[in-house]
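Colleague: File data-v9.tsv below, TSV, C-alpha atoms:
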```tsv
chain	number	residue	atom	x	y	z
A	1	MET	CA	12.22	-7.75	17.24
A	2	ARG	CA	15.28	-7.69	19.45
A	3	GLY	CA	18.08	-8.41	17.03
A	4	TYR	CA	19.70	-10.53	14.37
A	5	ALA	CA	20.82	-14.18	14.46
A	6	ILE	CA	23.54	-14.90	11.91
A	7	SER	CA	24.20	-18.48	10.81
A	8	SER	CA	25.31	-20.54	7.84
A	9	ALA	CA	24.31	-23.78	6.16
A	10	VAL	CA	27.47	-23.83	4.04
A	11	ALA	CA	30.50	-25.76	5.29
A	12	GLU	CA	32.87	-23.63	3.16
A	13	ALA	CA	31.38	-20.44	4.54
A	14	PRO	CA	30.91	-20.73	8.31
A	15	ILE	CA	30.25	-17.70	10.48
A	16	THR	CA	33.31	-16.82	12.54
A	17	GLU	CA	33.73	-14.74	15.63
A	18	ALA	CA	35.79	-12.19	13.68
A	19	MET	CA	32.93	-11.77	11.21
A	20	ALA	CA	30.30	-11.44	13.96
A	21	VAL	CA	32.32	-8.87	15.88
A	22	ALA	CA	33.02	-6.77	12.78
A	23	LEU	CA	29.35	-6.87	11.78
A	24	THR	CA	28.30	-5.79	15.27
A	25	LYS	CA	30.67	-2.80	15.17
A	26	ASN	CA	29.35	-1.94	11.71
A	27	LEU	CA	25.77	-2.09	13.03
A	28	ARG	CA	26.59	0.05	16.08
A	29	ARG	CA	28.15	2.68	13.81
A	30	LEU	CA	25.02	2.77	11.65
A	31	GLU	CA	22.87	3.05	14.78
A	32	ALA	CA	24.88	6.07	15.92
A	33	TRP	CA	24.13	7.79	12.62
A	34	TRP	CA	20.43	6.91	12.52
A	35	ASP	CA	19.58	6.99	16.24
A	36	VAL	CA	16.56	9.28	16.19
A	37	GLU	CA	14.93	7.37	13.35
A	38	LEU	CA	15.64	4.00	14.97
A	39	TYR	CA	14.02	5.06	18.24
A	40	ALA	CA	10.84	5.56	16.22
A	41	SER	CA	10.86	2.05	14.74
A	42	THR	CA	8.07	-0.08	16.15
A	43	VAL	CA	9.44	-3.17	14.39
A	44	TRP	CA	12.63	-2.83	16.41
A	45	GLU	CA	10.71	-1.91	19.59
A	46	HIS	CA	12.13	1.64	19.75
A	47	GLN	CA	15.58	0.32	20.60
A	48	ALA	CA	18.69	2.36	19.93
A	49	HIS	CA	20.72	-0.86	19.78
A	50	VAL	CA	19.69	-4.40	18.86
A	51	ASP	CA	21.48	-7.66	19.63
A	52	VAL	CA	23.64	-9.70	17.32
A	53	LYS	CA	23.79	-13.46	17.87
A	54	TRP	CA	25.86	-15.81	15.78
A	55	SER	CA	26.63	-19.50	15.54
A	56	PRO	CA	29.82	-21.14	14.26
A	57	THR	CA	27.94	-24.41	13.80
A	58	VAL	CA	27.05	-25.08	10.19
A	59	GLY	CA	23.33	-25.77	9.89
A	60	ASP	CA	22.25	-23.88	13.01
A	61	MET	CA	19.28	-21.53	12.73
A	62	LEU	CA	17.95	-19.67	15.78
A	63	GLN	CA	14.33	-20.50	16.55
A	64	ASP	CA	13.68	-17.49	18.81
A	65	PRO	CA	10.93	-15.50	17.05
A	66	GLY	CA	12.34	-12.29	18.50
A	67	TYR	CA	15.33	-12.40	16.19
A	68	ALA	CA	15.59	-11.81	12.47
A	69	VAL	CA	17.27	-14.75	10.78
A	70	VAL	CA	20.31	-14.00	8.61
A	71	HIS	CA	21.32	-17.29	7.03
A	72	VAL	CA	23.97	-18.19	4.45
A	73	VAL	CA	22.93	-20.86	1.94
A	74	ASP	CA	24.62	-22.51	-1.04
A	75	SER	CA	22.27	-20.79	-3.45
A	76	LEU	CA	18.81	-19.32	-3.29
A	77	PRO	CA	16.40	-22.05	-4.35
A	78	ASP	CA	13.94	-19.85	-6.20
A	79	ALA	CA	16.36	-17.12	-7.26
A	80	PRO	CA	19.68	-18.79	-8.10
A	81	GLN	CA	21.22	-15.61	-9.56
A	82	ASP	CA	20.47	-13.41	-6.53
A	83	ILE	CA	22.97	-12.63	-3.79
A	84	ALA	CA	20.41	-12.24	-1.05
A	85	TYR	CA	16.77	-12.53	-0.34
A	86	HIS	CA	14.71	-10.86	2.33
A	87	THR	CA	11.37	-12.31	3.17
A	88	VAL	CA	9.18	-13.07	6.20
A	89	ASP	CA	8.71	-16.51	7.72
A	90	GLU	CA	5.56	-18.10	9.11
A	91	GLN	CA	6.27	-16.47	12.47
A	92	GLY	CA	6.30	-13.04	10.87
A	93	ARG	CA	9.96	-12.34	11.43
A	94	PRO	CA	12.35	-11.12	8.73
A	95	VAL	CA	14.45	-13.84	7.14
A	96	CYS	CA	17.48	-12.88	5.08
A	97	LEU	CA	19.12	-15.56	2.96
A	98	ILE	CA	22.53	-14.93	1.44
A	99	SER	CA	23.87	-17.03	-1.42
A	100	TRP	CA	27.48	-18.13	-1.09
A	101	ALA	CA	27.47	-19.22	-4.75
A	102	ALA	CA	26.41	-15.74	-5.89
A	103	VAL	CA	29.09	-14.10	-3.73
A	104	LEU	CA	31.69	-16.32	-5.39
A	105	ALA	CA	30.25	-15.64	-8.84
A	106	GLU	CA	30.76	-11.90	-8.32
A	107	GLY	CA	34.35	-12.41	-7.18
A	108	GLY	CA	33.78	-12.18	-3.44
A	109	THR	CA	35.50	-14.04	-0.62
A	110	LEU	CA	34.47	-14.70	3.00
A	111	THR	CA	35.74	-11.41	4.41
A	112	GLY	CA	37.21	-9.39	1.53
A	113	PRO	CA	35.69	-6.37	-0.19
A	114	ASP	CA	32.30	-7.16	-1.75
A	115	GLY	CA	32.48	-10.52	0.00
A	116	LEU	CA	30.17	-12.61	2.14
A	117	THR	CA	30.57	-10.54	5.32
A	118	SER	CA	29.81	-7.39	3.37
A	119	ALA	CA	26.69	-8.98	1.85
A	120	ILE	CA	25.49	-10.05	5.31
A	121	GLY	CA	26.13	-6.57	6.69
A	122	HIS	CA	24.37	-4.95	3.74
A	123	GLU	CA	21.28	-6.94	4.58
A	124	ILE	CA	21.47	-6.12	8.27
A	125	LEU	CA	22.03	-2.38	7.86
A	126	GLU	CA	19.27	-1.86	5.33
A	127	SER	CA	16.72	-3.89	7.26
A	128	ARG	CA	17.70	-2.05	10.46
A	129	VAL	CA	16.80	1.32	8.94
A	130	ASP	CA	13.82	0.15	6.89
A	131	PRO	CA	12.67	-3.26	8.16
A	132	THR	CA	9.44	-3.26	6.17
A	133	CYS	CA	10.97	-2.11	2.85
A	134	LEU	CA	8.17	0.42	2.58
A	135	SER	CA	10.11	3.69	2.94
A	136	TYR	CA	10.82	5.95	-0.03
A	137	VAL	CA	12.53	9.33	-0.21
A	138	PRO	CA	11.97	12.08	-2.78
A	139	LEU	CA	14.72	12.70	-5.32
A	140	PRO	CA	15.88	16.25	-6.14
A	141	GLN	CA	15.00	15.85	-9.82
A	142	GLY	CA	11.54	14.47	-9.04
A	143	GLY	CA	10.30	11.00	-8.41
A	144	SER	CA	11.43	8.89	-5.49
A	145	THR	CA	13.86	6.16	-4.50
A	146	PRO	CA	13.67	3.36	-1.94
A	147	LEU	CA	15.32	4.12	1.39
A	148	GLU	CA	18.34	1.91	0.78
A	149	VAL	CA	21.29	3.02	2.89
A	150	CYS	CA	23.96	0.80	1.32
A	151	ASP	CA	23.17	0.70	-2.41
A	152	TRP	CA	24.33	4.26	-3.15
A	153	VAL	CA	27.80	3.61	-1.68
A	154	GLN	CA	28.30	0.01	-2.74
A	155	GLY	CA	31.95	-0.71	-3.42
A	156	SER	CA	33.24	1.41	-0.53
A	157	ASP	CA	33.51	-1.36	2.06
A	158	TYR	CA	35.79	-0.61	5.01
A	159	CYS	CA	37.29	-2.33	8.08
A	160	GLU	CA	36.25	-1.51	11.63
A	161	PRO	CA	38.98	-0.69	14.18
A	162	GLY	CA	40.21	-3.89	15.82
A	163	SER	CA	38.75	-5.99	12.99
A	164	PRO	CA	41.44	-5.93	10.30
A	165	ASP	CA	40.83	-7.66	6.97
A	166	VAL	CA	37.12	-8.12	7.62
A	167	TYR	CA	35.37	-5.80	5.20
A	168	VAL	CA	31.92	-4.52	6.15
A	169	PRO	CA	29.55	-2.39	4.10
A	170	ASN	CA	29.54	1.37	4.08
A	171	ALA	CA	26.17	3.08	4.45
A	172	VAL	CA	24.83	6.61	4.23
A	173	GLY	CA	23.34	8.58	7.10
A	174	PRO	CA	19.99	10.39	7.14
A	175	MET	CA	21.42	13.70	5.89
A	176	PHE	CA	22.44	11.99	2.64
A	177	PHE	CA	18.78	12.05	1.67
A	178	VAL	CA	18.35	15.80	2.30
A	179	ASN	CA	18.90	17.80	-0.87
A	180	GLY	CA	21.69	20.34	-0.59
A	181	LYS	CA	23.52	18.69	2.32
A	182	PHE	CA	27.24	18.16	1.98
A	183	GLY	CA	30.22	17.09	4.08
A	184	ARG	CA	30.37	13.84	6.05
A	185	LEU	CA	27.38	11.83	4.97
A	186	ASP	CA	28.44	8.15	5.16
A	187	ILE	CA	29.40	6.04	8.17
A	188	ALA	CA	32.88	5.21	6.84
A	189	SER	CA	33.70	8.92	7.10
A	190	ASP	CA	34.07	8.32	10.85
A	191	LEU	CA	37.34	6.55	10.06
A	192	SER	CA	38.68	8.07	6.83
A	193	ALA	CA	37.64	10.30	3.97
A	194	GLY	CA	34.03	9.59	3.17
A	195	ALA	CA	32.97	7.86	-0.02
A	196	VAL	CA	30.51	10.66	-0.79
A	197	THR	CA	30.52	14.36	0.07
A	198	GLN	CA	27.10	15.56	-1.06
A	199	ALA	CA	23.53	14.38	-0.85
A	200	PHE	CA	22.37	11.84	-3.43
A	201	GLN	CA	25.92	11.29	-4.70
A	202	GLU	CA	26.47	7.76	-6.00
A	203	THR	CA	29.84	6.03	-5.75
A	204	PRO	CA	31.35	4.46	-8.90
A	205	GLY	CA	30.27	1.05	-7.61
A	206	GLY	CA	26.90	2.26	-6.36
A	207	TYR	CA	23.40	2.01	-7.74
A	208	HIS	CA	19.88	3.10	-6.91
A	209	GLU	CA	16.37	2.70	-8.17
A	210	VAL	CA	14.33	5.63	-9.48
A	211	GLU	CA	10.57	5.65	-9.50
A	212	ALA	CA	9.60	8.46	-11.86
A	213	PRO	CA	6.50	10.60	-11.30
A	214	ASP	CA	4.78	8.70	-14.13
A	215	GLY	CA	5.36	5.44	-12.23
A	216	THR	CA	8.07	4.01	-14.44
A	217	VAL	CA	10.97	2.37	-12.60
A	218	SER	CA	14.62	2.33	-13.65
A	219	ASN	CA	18.05	1.74	-12.14
A	220	VAL	CA	20.98	4.15	-12.11
A	221	PHE	CA	24.43	2.56	-11.93
A	222	GLY	CA	27.87	3.93	-11.15
A	223	GLU	CA	30.37	3.48	-13.96
A	224	ARG	CA	32.25	0.71	-12.13
A	225	VAL	CA	29.35	-1.60	-11.36
A	226	PRO	CA	30.39	-4.96	-12.83
A	227	GLU	CA	28.33	-6.20	-15.74
A	228	VAL	CA	27.25	-9.35	-13.90
A	229	LYS	CA	25.92	-7.25	-11.03
A	230	ARG	CA	24.28	-4.73	-13.38
A	231	LEU	CA	22.44	-7.52	-15.16
A	232	ARG	CA	21.31	-9.02	-11.87
A	233	ILE	CA	20.00	-5.74	-10.50
A	234	ASP	CA	18.26	-4.88	-13.77
A	235	ARG	CA	16.58	-8.26	-13.63
A	236	VAL	CA	15.39	-8.24	-10.03
A	237	GLY	CA	15.80	-4.62	-8.90
A	238	PRO	CA	17.95	-3.35	-6.00
A	239	ARG	CA	15.51	-4.70	-3.45
A	240	GLY	CA	15.34	-7.98	-5.28
A	241	GLY	CA	19.09	-8.19	-5.26
A	242	LEU	CA	19.90	-7.52	-1.67
A	243	ARG	CA	16.44	-7.27	-0.18
A	244	ARG	CA	13.16	-8.62	-1.42
A	245	CYS	CA	9.90	-7.50	0.10
A	246	ALA	CA	6.43	-6.94	-1.20
A	247	ARG	CA	5.61	-3.25	-1.50
A	248	LEU	CA	2.20	-3.08	0.13
B	249	MET	CA	40.27	-23.20	67.91
B	250	LYS	CA	42.93	-25.40	66.31
B	251	ALA	CA	40.44	-26.34	63.60
B	252	ALA	CA	39.73	-22.66	62.86
B	253	ILE	CA	43.42	-21.85	62.58
B	254	LEU	CA	44.02	-24.89	60.41
B	255	GLY	CA	41.09	-23.90	58.22
B	256	GLY	CA	42.46	-20.39	57.80
B	257	VAL	CA	45.91	-21.68	56.86
B	258	LEU	CA	44.46	-24.15	54.38
B	259	GLY	CA	42.24	-21.44	52.91
B	260	ALA	CA	45.19	-19.12	52.42
B	261	MET	CA	47.20	-21.91	50.79
B	262	ALA	CA	44.28	-22.72	48.49
B	263	SER	CA	44.01	-19.05	47.52
B	264	LEU	CA	47.73	-18.86	46.78
B	265	PHE	CA	47.49	-22.05	44.73
B	266	ALA	CA	44.51	-20.69	42.79
B	267	CYS	CA	46.33	-17.46	41.96
B	268	SER	CA	49.41	-19.37	40.88
B	269	TYR	CA	47.30	-21.79	38.84
B	270	LEU	CA	45.42	-18.99	37.11
B	271	ASP	CA	48.68	-17.27	36.28
B	272	SER	CA	49.79	-20.32	34.32
B	273	HIS	CA	46.33	-21.43	33.13
B	274	PRO	CA	44.29	-18.36	32.12
B	275	PRO	CA	40.55	-18.94	31.81
B	276	GLN	CA	39.43	-19.96	28.34
B	277	VAL	CA	37.07	-17.17	27.33
B	278	CYS	CA	36.27	-16.12	23.82
B	279	ILE	CA	37.78	-12.70	23.37
B	280	THR	CA	38.65	-11.23	20.02
B	281	ALA	CA	40.45	-7.92	20.15
B	282	ASP	CA	38.10	-5.58	21.97
B	283	ALA	CA	34.95	-7.68	21.97
B	284	GLN	CA	33.58	-10.70	23.77
B	285	THR	CA	31.10	-13.35	22.77
B	286	ASP	CA	29.20	-15.47	25.27
B	287	ALA	CA	27.62	-18.85	24.69
B	288	GLY	CA	23.86	-19.16	24.86
B	289	ASP	CA	20.79	-20.28	22.89
B	290	GLY	CA	22.35	-23.60	21.92
B	291	GLY	CA	25.19	-22.93	19.54
B	292	PHE	CA	24.41	-19.25	19.32
B	293	ARG	CA	26.56	-16.66	21.05
B	294	SER	CA	25.96	-12.99	21.71
B	295	VAL	CA	28.42	-10.31	20.71
B	296	THR	CA	29.11	-7.76	23.40
B	297	LEU	CA	31.22	-4.73	22.67
B	298	PRO	CA	32.65	-2.88	25.66
B	299	ALA	CA	30.45	-0.05	26.92
B	300	GLY	CA	33.12	2.42	25.92
B	301	TRP	CA	33.57	1.09	22.42
B	302	ASP	CA	33.58	4.07	20.08
B	303	ALA	CA	30.75	3.85	17.58
B	304	GLY	CA	31.58	7.31	16.29
B	305	SER	CA	29.69	10.54	16.59
B	306	GLY	CA	27.00	9.63	14.11
B	307	GLY	CA	28.15	12.33	11.74
B	308	ARG	CA	27.55	15.12	14.25
```
Since I need it in another form, could you write the structure as structure tokens?
Modeller:
Amino acid sequence: MRGYAISSAVAEAPITEAMAVALTKNLRRLEAWWDVELYASTVWEHQAHVDVKWSPTVGDMLQDPGYAVVHVVDSLPDAPQDIAYHTVDEQGRPVCLISWAAVLAEGGTLTGPDGLTSAIGHEILESRVDPTCLSYVPLPQGGSTPLEVCDWVQGSDYCEPGSPDVYVPNAVGPMFFVNGKFGRLDIASDLSAGAVTQAFQETPGGYHEVEAPDGTVSNVFGERVPEVKRLRIDRVGPRGGLRRCARL
Amino acid sequence: MKAAILGGVLGAMASLFACSYLDSHPPQVCITADAQTDAGDGGFRSVTLPAGWDAGSGGR
């Protein structure tokens, strides 16, 4: 895979150049934090940087099998309450569908905090670090959690330099998942005070899944996660909400 | 010889005209702040950030 192709099928929610540029900066920042791990990714062909393509034309979808499709739709046909959906098409490439209706239902706008651009970026960043959705990390108290780089710091969207008023998702770096680490651990800390200062710290708007040693699965929410989002995540799980893959 | 001189004069005039024209009609390229997008793949465009764009230190 060589990159992402962002497009929209929704006339009220077209992809703009400002969105594409902000998302590319957001991706480059994540890549700087995760560079060693990304070099090792066979899915992404050991590339330190991958391309971002975008189309302003509503209804476009890139056919190049070398690009992961990131497509905005009115609503997800088989999961109308979800914000996004990550699956694989018949060509074997990742396909991420983002629901404009669900973004609106949770109070989001095109480019504001917790909006459509942030949802698109969330999908891109998490699939960049863990494209197969198969990676888990051990938790300090036992058990494990999926390697989700955005969920823990949800609600701390930020704007990239030169891209004002276009909010993109914050994400944690690799040291966030090392017990005992503290200091700058999230990518937004490049630009201002970080949203978290110690490993495995969840923001008030964050959430994560816990798989206990006995195999039971539960979700842990920050105190400011809106009820509508909490219900959605409890219903479909963090990976069902913003990524959906089969765990092989 | 006359043709060569005439050609040189006309070339210089054309160059001056082009510079003047470009001053008043800048090329229409898609540039947003510090980034550029180029058309390609049908309606799809690629985002290119300048080589020196600061992606941060990666937490180091």
Colleague: I need the chain A residues near chain B as a PyMOL selection string; criterion: at most 7 Å, counting all atoms listed in the file.
Modeller: chain A and resi 21+28-29+32-33+52-55+57+162+184-185+190
Colleague: Please check which residues have atoms at most 8 Å from (16.2, 3.9, -4.9) in the file's coordinates, counting all atoms listed in the file, and write them as a PDB file with C-alpha atoms, keeping the file's coordinate frame.
Modeller:
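The result, stored in part_16.pdb:
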```pdb
ATOM      1  CA  TYR A 136      10.820   5.950  -0.030  1.00  0.00           C
ATOM      2  CA  SER A 144      11.430   8.890  -5.490  1.00  0.00           C
ATOM      3  CA  THR A 145      13.860   6.160  -4.500  1.00  0.00           C
ATOM      4  CA  PRO A 146      13.670   3.360  -1.940  1.00  0.00           C
ATOM      5  CA  LEU A 147      15.320   4.120   1.390  1.00  0.00           C
ATOM      6  CA  GLU A 148      18.340   1.910   0.780  1.00  0.00           C
ATOM      7  CA  TYR A 207      23.400   2.010  -7.740  1.00  0.00           C
ATOM      8  CA  HIS A 208      19.880   3.100  -6.910  1.00  0.00           C
ATOM      9  CA  GLU A 209      16.370   2.700  -8.170  1.00  0.00           C
ATOM     10  CA  VAL A 210      14.330   5.630  -9.480  1.00  0.00           C
ATOM     11  CA  GLU A 211      10.570   5.650  -9.500  1.00  0.00           C
ATOM     12  CA  ASN A 219      18.050   1.740 -12.140  1.00  0.00           C
ATOM     13  CA  PRO A 238      17.950  -3.350  -6.000  1.00  0.00           C
TER      14      PRO A 238
END
```
Colleague: Could you list, as a PyMOL selection string, every residue within 10 Å of A:Thr111, counting only C-alpha atoms and ignoring same-chain residues fewer than 6 positions away?
Modeller: chain A and resi 18-19+22+117-119+159+164-168
Colleague: Just to confirm, what's the straight-line distance from atom CA of A:Gly215 to atom CA of A:Gly237 in Å (one decimal)?
Modeller: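 Atom CA of A:Gly215 sits 14.9 Å away from atom CA of A:Gly237.
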Colleague: Expressed in Å to a single decimal, how great is the separation between atom CA of A:Pro131 and atom CA of A:Asp114?
Modeller: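 Computing the Euclidean distance for atom CA of A:Pro131 and atom CA of A:Asp114 yields 22.3 Å.
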Colleague: Which of these residues is nearest to A:Ala212, using only C-alpha atoms: A:Leu139, A:Leu76, A:Val196, A:Ala171?
Modeller: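 Using only C-alpha atoms, A:Ala212 sits closest to A:Leu139.
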Colleague: Report as a list in words all protein, DNA and RNA residues lying within 7 Å of A:Ser99, evaluated on all atoms listed in the file, omitting residues in the same chain fewer than 5 positions from it.
Modeller: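 That gives Val72, Val73, Asp74, Ser75, Leu76, Ile83 and Ala84 of chain A.
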Colleague: How far is it from atom CA of A:His71 to atom CA of A:Thr24, in Å with one decimal?
Modeller: 15.8 Å
